[in-house]
>>> print(open('input-v4.csv').read())   # CSV, C-alpha atoms
chain,number,residue,atom,x,y,z
A,1,MET,CA,2.7,143.5,-25.0
A,2,LYS,CA,4.1,142.9,-21.6
A,3,LEU,CA,3.5,139.6,-19.9
A,4,ALA,CA,1.5,140.3,-16.7
A,5,ARG,CA,3.3,139.6,-13.5
A,6,ASP,CA,2.3,136.6,-11.3
A,7,GLY,CA,0.3,134.5,-13.7
A,8,LEU,CA,0.8,136.0,-17.2
A,9,GLN,CA,-2.9,136.6,-17.2
A,10,GLY,CA,-3.0,139.9,-19.1
A,11,GLY,CA,-4.6,140.6,-22.5
A,12,VAL,CA,-4.4,137.6,-24.9
A,13,LEU,CA,-2.9,135.5,-22.2
A,14,ALA,CA,-6.2,135.2,-20.4
A,15,ARG,CA,-8.1,134.0,-23.5
A,16,GLU,CA,-9.5,130.5,-23.5
A,17,SER,CA,-8.5,127.8,-25.9
A,18,SER,CA,-11.1,126.7,-28.4
A,19,ALA,CA,-10.4,123.1,-27.6
A,20,ASP,CA,-13.3,121.1,-26.2
A,21,LEU,CA,-12.8,121.6,-22.5
A,22,SER,CA,-16.4,121.9,-21.7
A,23,TRP,CA,-16.4,119.6,-18.7
A,24,TRP,CA,-13.7,121.5,-16.9
A,25,ALA,CA,-14.3,124.2,-14.3
A,26,PRO,CA,-14.4,127.8,-15.5
A,27,GLY,CA,-10.9,129.1,-16.2
A,28,ASP,CA,-9.4,125.6,-16.7
A,29,SER,CA,-8.8,126.3,-20.4
A,30,ASP,CA,-6.6,129.3,-19.6
A,31,LEU,CA,-3.7,128.9,-21.9
A,32,LEU,CA,-1.1,128.7,-19.3
A,33,SER,CA,-3.3,126.6,-17.1
A,34,THR,CA,-3.6,123.5,-19.1
A,35,PHE,CA,-2.1,120.1,-18.2
A,36,HIS,CA,1.6,119.5,-17.7
A,37,SER,CA,3.9,118.0,-20.3
A,38,ARG,CA,6.0,119.2,-23.3
A,39,LEU,CA,6.1,118.1,-26.9
A,40,ILE,CA,9.8,118.4,-27.6
A,41,TYR,CA,12.6,117.8,-25.1
A,42,SER,CA,16.3,118.3,-25.4
A,43,LEU,CA,18.1,115.0,-26.1
A,44,VAL,CA,21.3,116.2,-24.5
A,45,PRO,CA,22.8,113.1,-22.7
A,46,CYS,CA,22.0,113.3,-19.0
A,47,PRO,CA,23.5,111.3,-16.1
A,48,SER,CA,20.3,110.3,-14.5
A,49,ARG,CA,20.9,106.6,-14.9
A,50,ASN,CA,23.7,107.0,-12.5
A,51,ALA,CA,22.1,109.7,-10.4
A,52,ARG,CA,20.5,109.2,-7.0
A,53,MET,CA,17.0,110.3,-6.7
A,54,LYS,CA,16.1,112.4,-3.6
A,55,TYR,CA,12.8,112.1,-1.8
A,56,ARG,CA,10.5,114.3,0.2
A,57,VAL,CA,7.5,113.8,2.4
A,58,LEU,CA,4.1,114.5,0.9
A,59,GLY,CA,2.7,116.5,3.9
A,60,LYS,CA,0.5,114.7,6.4
A,61,THR,CA,0.2,111.7,4.2
A,62,ALA,CA,3.7,110.8,5.3
A,63,LEU,CA,4.2,109.2,1.9
A,64,LYS,CA,7.9,109.4,0.9
A,65,VAL,CA,7.8,110.6,-2.8
A,66,SER,CA,10.5,111.1,-5.3
A,67,GLU,CA,11.0,114.8,-5.6
A,68,VAL,CA,10.8,114.5,-9.4
A,69,GLY,CA,7.7,112.4,-10.3
A,70,PHE,CA,6.2,111.2,-13.6
A,71,GLY,CA,3.4,113.2,-15.1
A,72,ALA,CA,1.4,110.7,-17.2
A,73,TRP,CA,-1.0,113.0,-19.0
A,74,ALA,CA,0.8,113.0,-22.3
A,75,ILE,CA,1.1,109.2,-22.6
A,76,GLY,CA,-2.7,109.0,-22.6
A,77,GLY,CA,-2.4,109.8,-26.3
A,78,ASN,CA,-4.1,111.9,-28.9
A,79,THR,CA,-7.1,109.8,-29.8
A,80,HIS,CA,-9.6,112.0,-27.8
A,81,GLY,CA,-7.9,115.3,-28.4
A,82,ASN,CA,-6.8,117.9,-25.7
A,83,SER,CA,-3.5,116.2,-25.6
A,84,TYR,CA,0.2,116.9,-26.5
A,85,GLY,CA,0.4,115.3,-29.9
A,86,PRO,CA,0.9,111.7,-31.1
A,87,THR,CA,2.4,109.1,-28.8
A,88,ASP,CA,4.0,105.7,-29.3
A,89,ASP,CA,2.9,103.2,-26.6
A,90,LYS,CA,6.2,101.4,-26.7
A,91,GLN,CA,8.0,104.6,-26.1
A,92,SER,CA,5.5,105.5,-23.3
A,93,LEU,CA,6.0,102.2,-21.6
A,94,ALA,CA,9.8,102.5,-21.9
A,95,ALA,CA,9.6,106.0,-20.4
A,96,VAL,CA,7.7,104.6,-17.3
A,97,GLU,CA,10.2,101.8,-17.0
A,98,THR,CA,13.1,104.2,-17.2
A,99,ALA,CA,11.6,106.3,-14.5
A,100,LEU,CA,11.3,103.3,-12.2
A,101,GLY,CA,15.0,102.4,-12.9
A,102,VAL,CA,16.3,105.7,-11.8
A,103,GLY,CA,14.3,105.9,-8.5
A,104,CYS,CA,11.1,107.7,-9.4
A,105,ASN,CA,8.3,106.3,-7.3
A,106,PHE,CA,5.5,108.9,-7.8
A,107,PHE,CA,3.3,108.5,-10.8
A,108,ASP,CA,0.5,111.0,-11.4
A,109,THR,CA,-2.3,110.4,-13.9
A,110,ALA,CA,-6.1,111.0,-14.3
A,111,ASP,CA,-8.8,108.8,-15.6
A,112,VAL,CA,-9.7,111.3,-18.3
A,113,TYR,CA,-6.2,111.3,-19.8
A,114,GLY,CA,-6.7,109.4,-23.0
A,115,HIS,CA,-10.1,108.3,-21.6
A,116,GLY,CA,-8.3,105.7,-19.4
A,117,HIS,CA,-5.4,104.9,-21.7
A,118,SER,CA,-2.8,106.6,-19.4
A,119,GLU,CA,-3.9,104.5,-16.5
A,120,GLU,CA,-3.8,101.4,-18.6
A,121,LEU,CA,-0.2,102.0,-19.7
A,122,LEU,CA,0.8,102.7,-16.1
A,123,GLY,CA,-0.9,99.6,-14.9
A,124,GLN,CA,1.0,97.6,-17.5
A,125,ALA,CA,4.4,99.2,-16.9
A,126,LEU,CA,4.2,99.2,-13.1
A,127,ARG,CA,3.0,95.6,-12.8
A,128,GLY,CA,5.1,93.8,-10.2
A,129,HIS,CA,6.2,97.0,-8.5
A,130,ARG,CA,3.0,98.0,-6.6
A,131,SER,CA,4.7,97.9,-3.2
A,132,GLU,CA,7.5,100.2,-4.4
A,133,ILE,CA,5.5,103.0,-5.9
A,134,ILE,CA,2.9,105.7,-5.1
A,135,ILE,CA,0.0,106.1,-7.6
A,136,ALA,CA,-2.0,109.3,-7.7
A,137,THR,CA,-4.9,109.6,-10.0
A,138,LYS,CA,-7.8,112.1,-10.5
A,139,VAL,CA,-11.5,112.0,-10.9
A,140,GLY,CA,-14.2,114.4,-12.1
A,141,GLY,CA,-14.2,114.3,-15.9
A,142,ASP,CA,-17.0,111.9,-16.7
A,143,PHE,CA,-16.2,110.5,-20.2
A,144,TYR,CA,-18.2,107.3,-19.7
A,145,HIS,CA,-21.7,108.7,-20.3
A,146,GLY,CA,-21.7,110.6,-23.6
A,147,THR,CA,-20.0,114.0,-24.1
A,148,PRO,CA,-17.4,114.5,-21.3
A,149,ARG,CA,-18.7,116.6,-18.5
A,150,MET,CA,-17.9,117.3,-14.9
A,151,ASN,CA,-19.3,114.8,-12.4
A,152,PHE,CA,-18.5,114.7,-8.7
A,153,ASN,CA,-21.6,112.8,-7.5
A,154,SER,CA,-21.0,110.3,-4.8
A,155,ASP,CA,-22.1,107.2,-6.9
A,156,TYR,CA,-20.0,108.4,-9.8
A,157,LEU,CA,-16.8,108.8,-7.7
A,158,GLU,CA,-17.1,105.2,-6.4
A,159,PHE,CA,-17.8,103.9,-9.9
A,160,ALA,CA,-14.9,105.8,-11.5
A,161,LEU,CA,-12.5,104.7,-8.8
A,162,GLY,CA,-13.3,101.1,-9.5
A,163,LYS,CA,-12.6,101.6,-13.2
A,164,SER,CA,-9.3,103.4,-12.4
A,165,CYS,CA,-8.2,100.5,-10.1
A,166,ASP,CA,-9.0,98.0,-12.8
A,167,ARG,CA,-6.9,99.8,-15.4
A,168,LEU,CA,-4.1,100.5,-13.0
A,169,GLY,CA,-4.1,96.8,-11.8
A,170,THR,CA,-4.4,97.7,-8.2
A,171,ASP,CA,-6.8,97.3,-5.3
A,172,TYR,CA,-6.3,100.8,-4.0
A,173,VAL,CA,-5.0,104.3,-5.0
A,174,ASP,CA,-2.5,106.1,-2.8
A,175,LEU,CA,-3.7,109.6,-3.6
A,176,TYR,CA,-7.2,110.2,-5.1
A,177,GLN,CA,-7.6,113.8,-6.3
A,178,LEU,CA,-10.6,115.8,-7.3
A,179,HIS,CA,-9.8,117.0,-10.8
A,180,ASN,CA,-10.4,120.8,-11.1
A,181,PRO,CA,-13.5,120.9,-8.8
A,182,PRO,CA,-15.7,124.0,-9.0
A,183,VAL,CA,-15.4,126.4,-6.1
A,184,GLN,CA,-19.0,125.7,-5.0
A,185,LEU,CA,-18.2,122.0,-4.7
A,186,ILE,CA,-15.3,122.8,-2.4
A,187,LYS,CA,-17.5,125.2,-0.3
A,188,ASP,CA,-20.3,122.7,0.0
A,189,GLY,CA,-17.9,120.0,1.3
A,190,ARG,CA,-20.2,117.0,0.9
A,191,VAL,CA,-17.9,115.5,-1.8
A,192,PHE,CA,-15.2,115.1,0.9
A,193,LYS,CA,-17.5,112.8,2.9
A,194,THR,CA,-17.5,110.5,0.0
A,195,LEU,CA,-13.7,110.6,-0.1
A,196,GLU,CA,-13.6,109.8,3.6
A,197,LYS,CA,-15.9,106.9,3.0
A,198,LEU,CA,-13.6,105.6,0.3
A,199,LYS,CA,-10.6,106.1,2.6
A,200,ALA,CA,-12.2,104.2,5.4
A,201,SER,CA,-12.9,101.3,3.0
A,202,GLY,CA,-9.2,101.1,2.1
A,203,LYS,CA,-9.9,101.8,-1.6
A,204,ILE,CA,-7.8,105.1,-1.3
A,205,ARG,CA,-5.1,105.9,1.2
A,206,HIS,CA,-5.3,109.7,1.0
A,207,TYR,CA,-7.2,112.3,-1.0
A,208,GLY,CA,-6.5,115.8,-2.3
A,209,ILE,CA,-7.4,118.3,-5.0
A,210,SER,CA,-5.9,119.4,-8.3
A,211,ILE,CA,-6.5,123.1,-8.9
A,212,HIS,CA,-5.5,126.1,-11.0
A,213,ASP,CA,-6.5,129.0,-8.7
A,214,PRO,CA,-4.5,129.1,-5.4
A,215,GLN,CA,-7.6,130.5,-3.7
A,216,GLU,CA,-9.3,127.2,-4.2
A,217,GLY,CA,-6.6,125.4,-2.2
A,218,LEU,CA,-6.9,128.0,0.6
A,219,LEU,CA,-10.6,127.4,0.7
A,220,ALA,CA,-10.2,123.6,0.9
A,221,MET,CA,-7.7,123.8,3.7
A,222,ARG,CA,-10.0,125.9,5.8
A,223,ASN,CA,-12.7,123.2,5.9
A,224,ILE,CA,-11.1,119.9,5.0
A,225,GLU,CA,-8.3,117.6,6.1
A,226,ILE,CA,-6.9,117.1,2.6
A,227,GLY,CA,-3.5,115.5,2.2
A,228,ALA,CA,-2.2,117.2,-0.9
A,229,ILE,CA,-2.8,120.0,-3.3
A,230,GLN,CA,-1.7,119.8,-6.9
A,231,VAL,CA,-1.3,123.3,-8.4
A,232,VAL,CA,0.4,125.1,-11.3
A,233,PHE,CA,3.8,126.4,-10.4
A,234,ASN,CA,6.7,127.3,-12.7
A,235,ILE,CA,9.1,130.2,-13.5
A,236,LEU,CA,6.4,132.0,-15.4
A,237,ARG,CA,3.5,131.3,-13.0
A,238,GLN,CA,4.5,131.8,-9.4
A,239,GLU,CA,1.3,133.0,-7.7
A,240,ALA,CA,0.9,129.8,-5.7
A,241,LYS,CA,4.1,130.3,-3.8
A,242,ASN,CA,2.9,133.1,-1.6
A,243,GLN,CA,-0.1,132.5,0.6
A,244,LEU,CA,-0.9,129.0,-0.6
A,245,PHE,CA,2.6,127.6,0.0
A,246,ARG,CA,2.7,129.1,3.4
A,247,GLU,CA,-0.7,127.8,4.5
A,248,ALA,CA,0.0,124.4,3.1
A,249,THR,CA,3.2,124.1,5.1
A,250,LYS,CA,1.4,125.4,8.2
A,251,ASN,CA,-1.3,122.8,7.7
A,252,ASP,CA,1.1,120.0,6.7
A,253,VAL,CA,-0.5,119.6,3.3
A,254,GLY,CA,1.8,118.3,0.5
A,255,ILE,CA,2.3,120.4,-2.6
A,256,ILE,CA,2.5,118.8,-6.0
A,257,ALA,CA,3.8,121.2,-8.7
A,258,ARG,CA,2.1,120.7,-12.0
A,259,GLU,CA,2.9,122.3,-15.4
A,260,PRO,CA,6.5,123.0,-14.3
A,261,LEU,CA,7.5,123.5,-18.0
A,262,ALA,CA,4.5,125.8,-18.9
A,263,ASN,CA,3.0,123.5,-21.5
A,264,GLY,CA,6.4,122.6,-22.9
A,265,PHE,CA,7.6,126.1,-23.6
A,266,LEU,CA,10.1,126.2,-20.8
A,267,ALA,CA,11.9,123.2,-22.4
A,268,GLY,CA,13.1,125.8,-24.9
A,269,LYS,CA,12.5,123.8,-28.1
A,270,LEU,CA,9.4,125.7,-29.3
A,271,ASN,CA,9.4,129.0,-31.2
A,272,ALA,CA,6.9,131.5,-32.6
A,273,ASN,CA,6.6,129.4,-35.8
A,274,SER,CA,6.0,126.1,-34.1
A,275,THR,CA,3.0,124.1,-35.3
A,276,PHE,CA,1.0,121.5,-33.4
A,277,HIS,CA,-1.1,118.6,-34.5
A,278,HIS,CA,-4.9,118.6,-34.3
A,279,GLY,CA,-5.7,117.3,-30.9
A,280,ASP,CA,-2.7,119.0,-29.3
A,281,ILE,CA,-4.1,121.6,-26.9
A,282,ARG,CA,-1.6,124.1,-28.2
A,283,HIS,CA,-3.0,123.8,-31.7
A,284,ASN,CA,-5.5,126.5,-30.9
A,285,PHE,CA,-3.2,128.8,-29.0
A,286,PRO,CA,-3.3,132.3,-30.6
A,287,SER,CA,-0.1,133.1,-32.5
A,288,ASP,CA,0.5,136.3,-30.6
A,289,TYR,CA,0.3,134.3,-27.3
A,290,ILE,CA,2.9,131.8,-28.6
A,291,SER,CA,5.1,134.7,-29.6
A,292,GLN,CA,5.0,136.3,-26.2
A,293,LEU,CA,5.7,133.0,-24.5
A,294,THR,CA,8.7,132.2,-26.7
A,295,LEU,CA,10.0,135.8,-26.2
A,296,ALA,CA,9.8,135.2,-22.4
A,297,VAL,CA,11.6,131.9,-22.7
A,298,GLY,CA,14.3,133.5,-24.9
A,299,GLN,CA,15.2,135.8,-22.1
A,300,LEU,CA,15.7,132.8,-19.8
A,301,ARG,CA,18.3,131.2,-22.0
A,302,PHE,CA,21.0,132.4,-19.6
A,303,LEU,CA,19.9,129.5,-17.3
A,304,GLU,CA,21.3,127.0,-19.9
A,305,SER,CA,24.9,125.7,-19.6
A,306,LYS,CA,26.9,122.8,-21.0
A,307,ASN,CA,25.9,120.9,-17.8
A,308,ARG,CA,22.2,121.9,-17.6
A,309,THR,CA,19.4,122.2,-20.1
A,310,LEU,CA,16.7,124.9,-19.9
A,311,ALA,CA,14.1,122.3,-18.9
A,312,GLN,CA,16.4,121.1,-16.1
A,313,ALA,CA,16.9,124.7,-14.9
A,314,ALA,CA,13.1,125.2,-14.9
A,315,LEU,CA,12.6,122.0,-12.8
A,316,ARG,CA,15.4,123.0,-10.5
A,317,PHE,CA,13.7,126.4,-9.9
A,318,VAL,CA,10.6,124.5,-8.7
A,319,LEU,CA,12.5,122.1,-6.5
A,320,ASP,CA,14.4,125.0,-4.9
A,321,HIS,CA,11.1,125.9,-3.2
A,322,LYS,CA,11.1,123.5,-0.2
A,323,ASP,CA,7.4,123.8,0.2
A,324,VAL,CA,7.1,121.6,-2.9
A,325,SER,CA,6.9,117.9,-2.2
A,326,THR,CA,7.3,116.8,-5.8
A,327,VAL,CA,7.3,118.2,-9.3
A,328,ILE,CA,5.6,116.2,-12.1
A,329,PRO,CA,6.9,117.0,-15.6
A,330,GLY,CA,5.2,115.1,-18.4
A,331,ALA,CA,7.3,112.6,-20.4
A,332,LYS,CA,6.7,110.5,-23.5
A,333,SER,CA,10.1,108.9,-24.0
A,334,PRO,CA,13.1,107.5,-22.0
A,335,GLU,CA,15.2,110.4,-23.2
A,336,GLN,CA,12.7,112.9,-21.7
A,337,VAL,CA,12.7,111.0,-18.4
A,338,ASP,CA,16.5,111.0,-18.3
A,339,GLU,CA,16.6,114.7,-18.7
A,340,ASP,CA,13.9,115.3,-16.1
A,341,LEU,CA,15.1,113.0,-13.4
A,342,ALA,CA,18.7,114.1,-13.6
A,343,THR,CA,17.4,117.4,-12.1
A,344,SER,CA,17.2,115.8,-8.6
A,345,GLU,CA,21.0,115.8,-8.3
A,346,SER,CA,21.6,119.2,-10.1
A,347,PRO,CA,22.8,122.1,-8.0
A,348,SER,CA,20.4,124.9,-7.0
A,349,LEU,CA,20.1,128.0,-9.0
A,350,THR,CA,22.4,130.7,-7.8
A,351,GLY,CA,21.3,133.9,-6.1
A,352,GLU,CA,22.3,135.9,-9.2
A,353,GLU,CA,20.2,133.7,-11.4
A,354,LEU,CA,17.2,134.1,-9.1
A,355,LEU,CA,17.6,137.8,-9.0
A,356,ARG,CA,17.7,138.0,-12.8
A,357,ILE,CA,14.6,135.9,-13.0
A,358,LYS,CA,12.8,138.2,-10.6
A,359,PHE,CA,14.0,141.3,-12.6
A,360,LEU,CA,12.7,139.8,-15.8
A,361,ARG,CA,9.3,138.9,-14.3
A,362,ASP,CA,9.0,142.4,-12.7
A,363,GLN,CA,9.6,143.8,-16.2
A,364,GLY,CA,6.9,141.5,-17.7
A,365,PHE,CA,9.6,139.8,-19.8
A,366,ALA,CA,9.2,142.8,-22.2
>>> encode(input="input-v4.csv", output="structure tokens")
Amino acid sequence: MKLARDGLQGGVLARESSADLSWWAPGDSDLLSTFHSRLIYSLVPCPSRNARMKYRVLGKTALKVSEVGFGAWAIGGNTHGNSYGPTDDKQSLAAVETALGVGCNFFDTADVYGHGHSEELLGQALRGHRSEIIIATKVGGDFYHGTPRMNFNSDYLEFALGKSCDRLGTDYVDLYQLHNPPVQLIKDGRVFKTLEKLKASGKIRHYGISIHDPQEGLLAMRNIEIGAIQVVFNILRQEAKNQLFREATKNDVGIIAREPLANGFLAGKLNANSTFHHGDIRHNFPSDYISQLTLAVGQLRFLESKNRTLAQAALRFVLDHKDVSTVIPGAKSPEQVDEDLATSESPSLTGEELLRIKFLRDQGFA
């Protein structure tokens, strides 16, 4: 089977996971469209502790964000499933502290990650650094009232924001994002009046949306003064870089690149025989899907060198797109953070490497 161009959506790749994702919008459980992070990282020593982080502006928000941020989904843990395997809170806290130490100032989470646990850990690790950092969180997965479900009602957004602030140990959130809102909600637009109210109250500084389909971002920008769009973008999924990136730049909307390592596969440490714990979203990935992914990744091994891991090359690819304000790989340990953040000082991919990537994608990585 060939991997379909621009999204890997063909055949088995478009199947939904059997994990309990019932509260997400339609299509959210697409196997390449699940949350960012990876299970296994290379532990090759990286010079990030001596590296200088570079920063970019997050669109019209004017927030100066580290171009490599910290994706905090994985540190939410495995208790409630739909995660990336077991975590160790001490390691998670050390990972956040390591990120701070090497200049990362952008931390992205969501209230539903670990049902609040990710936010709690960030609040603990970032205590005393509030003025130095930018916190982005998301809302929409209501896990407070029985079985998790989507909830974007005005009263709920205010309630959930208060809970998030309590866990994060802050009076305000820098960027509050609707978490995979359905298209009809974006079209209706009333939810954004609630966000404007929260912004006017000082409880949030800016708001945005986290999406999978670039068309949702285009729709939002036509009707709403959003500050940022978080969207899937990586070597294997590049559909966002066309019209969405152009319109975002035109409208001065920041782009946050999620899932830069394609659910961990672009870290290059997984293979067709890899197994995953119950609760890990990849536990239910079809075996032929995993085989196709690992085949594609195998053809990208030419990007590795003695000075650069495959994960770093994948992150560098994202950063080489200047429309991107920040990329948010997931991390569960200091070693993973070291590897990720060193990418900020790594050289761009060469023209030859980019042409080879394009050729492979045009061929469907067959």
>>> atom_distance(input="input-v4.csv", atom1="CA of His321 (chain A)", atom2="CA of Pro214 (chain A)")
16.1 Å
>>> residues_around(input="input-v4.csv", residues="region 161-169 of chain A", least_positions_apart="4", cutoff="9 Å", atoms="only C-alpha atoms", output="list in words")
Ala110, Asp111, Gly116, His117, Ser118, Glu119, Glu120, Leu121, Leu122, Gly123, Gln124, Leu126, Arg127, Arg130, Ile135, Thr137, Lys138, Val139, Tyr156, Leu157, Val173, Tyr176, Lys203 and Ile204 of chain A
>>> residues_around(input="input-v4.csv", residues="region 345-348 of chain A", least_positions_apart="4", cutoff="12 Å", atoms="all atoms listed in the file", output="PyMOL selection string")
chain A and resi 46-55+66-68+102-103+303+305+307-309+311-322+338-341+352-354
>>> closest_residue(input="input-v4.csv", among="A:Glu335, A:Asp362, A:Asp280, A:Asp323", to="Pro86 (chain A)", atoms="all atoms listed in the file")
A:Asp280
>>> atom_distance(input="input-v4.csv", atom1="CA of Gly268 (chain A)", atom2="CA of Leu300 (chain A)")
9.0 Å
>>> closest_residue(input="input-v4.csv", among="A:His129, A:His115, A:Arg282, A:His80", to="Gly101 (chain A)", atoms="all atoms listed in the file")
A:His129
>>> residues_around(input="input-v4.csv", residues="Thr249 (chain A)", least_positions_apart="4", cutoff="10 Å", atoms="all atoms listed in the file", output="count of residues only")
10
>>> atom_distance(input="input-v4.csv", atom1="CA of Asp174 (chain A)", atom2="CA of Gln215 (chain A)")
24.9 Å
>>> residues_around(input="input-v4.csv", residues="Leu218 (chain A)", least_positions_apart="3", cutoff="12 Å", atoms="all atoms listed in the file", output="number ranges by chain")
A: 183, 186-187, 209, 211-215, 221-226, 228-229, 231, 240, 242-251, 253
>>> residues_around(input="input-v4.csv", residues="Thr275 (chain A)", least_positions_apart="5", cutoff="12 Å", atoms="all atoms listed in the file", output="JSON, numbers by chain")
{"A": [39, 40, 84, 85, 269, 270, 280, 281, 282, 283, 284, 285, 286, 287, 290]}
>>> closest_residue(input="input-v4.csv", among="A:Gln184, A:Thr194, A:Thr147, A:Gln336", to="Phe159 (chain A)", atoms="all atoms listed in the file")
A:Thr194
>>> closest_residue(input="input-v4.csv", among="A:Thr61, A:Ser344, A:Gln363, A:Ser83", to="Gly227 (chain A)", atoms="all atoms listed in the file")
A:Thr61
>>> closest_residue(input="input-v4.csv", among="A:Gln299, A:Gly217, A:Arg149, A:Pro329", to="Arg356 (chain A)", atoms="all atoms listed in the file")
A:Gln299
>>> closest_residue(input="input-v4.csv", among="A:Tyr207, A:Trp73, A:Phe192, A:Phe359", to="Phe152 (chain A)", atoms="only C-alpha atoms")
A:Phe192
>>> build_atoms(input="input-v4.csv", residues="region 130-144 of chain A", atoms="N, CA and C atoms", output="compact mmCIF listing (two decimals), in the coordinates of the input")
# COMPACT_ATOMS: atom_id res chain seq x y z
N ARG A 130 4.05 97.24 -7.34
CA ARG A 130 3.00 98.00 -6.60
C ARG A 130 3.52 98.43 -5.21
N SER A 131 4.24 97.58 -4.52
CA SER A 131 4.70 97.90 -3.20
C SER A 131 5.77 98.97 -3.13
N GLU A 132 6.37 99.25 -4.29
CA GLU A 132 7.50 100.20 -4.40
C GLU A 132 7.07 101.58 -4.79
N ILE A 133 5.84 101.72 -5.25
CA ILE A 133 5.50 103.00 -5.90
C ILE A 133 4.24 103.62 -5.25
N ILE A 134 4.05 104.87 -5.61
CA ILE A 134 2.90 105.70 -5.10
C ILE A 134 2.14 106.12 -6.37
N ILE A 135 0.88 105.76 -6.44
CA ILE A 135 0.00 106.10 -7.60
C ILE A 135 -0.96 107.17 -7.18
N ALA A 136 -0.96 108.25 -7.93
CA ALA A 136 -2.00 109.30 -7.70
C ALA A 136 -2.78 109.41 -9.02
N THR A 137 -4.09 109.42 -8.88
CA THR A 137 -4.90 109.60 -10.00
C THR A 137 -6.02 110.64 -9.68
N LYS A 138 -6.81 111.03 -10.68
CA LYS A 138 -7.80 112.10 -10.50
C LYS A 138 -9.15 111.66 -11.03
N VAL A 139 -10.17 112.35 -10.53
CA VAL A 139 -11.50 112.00 -10.90
C VAL A 139 -12.35 113.30 -11.06
N GLY A 140 -13.34 113.26 -11.93
CA GLY A 140 -14.20 114.40 -12.10
C GLY A 140 -14.63 114.67 -13.52
N GLY A 141 -13.84 114.19 -14.48
CA GLY A 141 -14.20 114.30 -15.90
C GLY A 141 -14.87 113.05 -16.35
N ASP A 142 -16.19 113.06 -16.38
CA ASP A 142 -17.00 111.90 -16.70
C ASP A 142 -17.03 111.71 -18.25
N PHE A 143 -16.24 110.76 -18.76
CA PHE A 143 -16.20 110.50 -20.20
C PHE A 143 -16.96 109.17 -20.50
N TYR A 144 -17.57 108.58 -19.50
CA TYR A 144 -18.20 107.30 -19.70
C TYR A 144 -19.67 107.43 -20.22
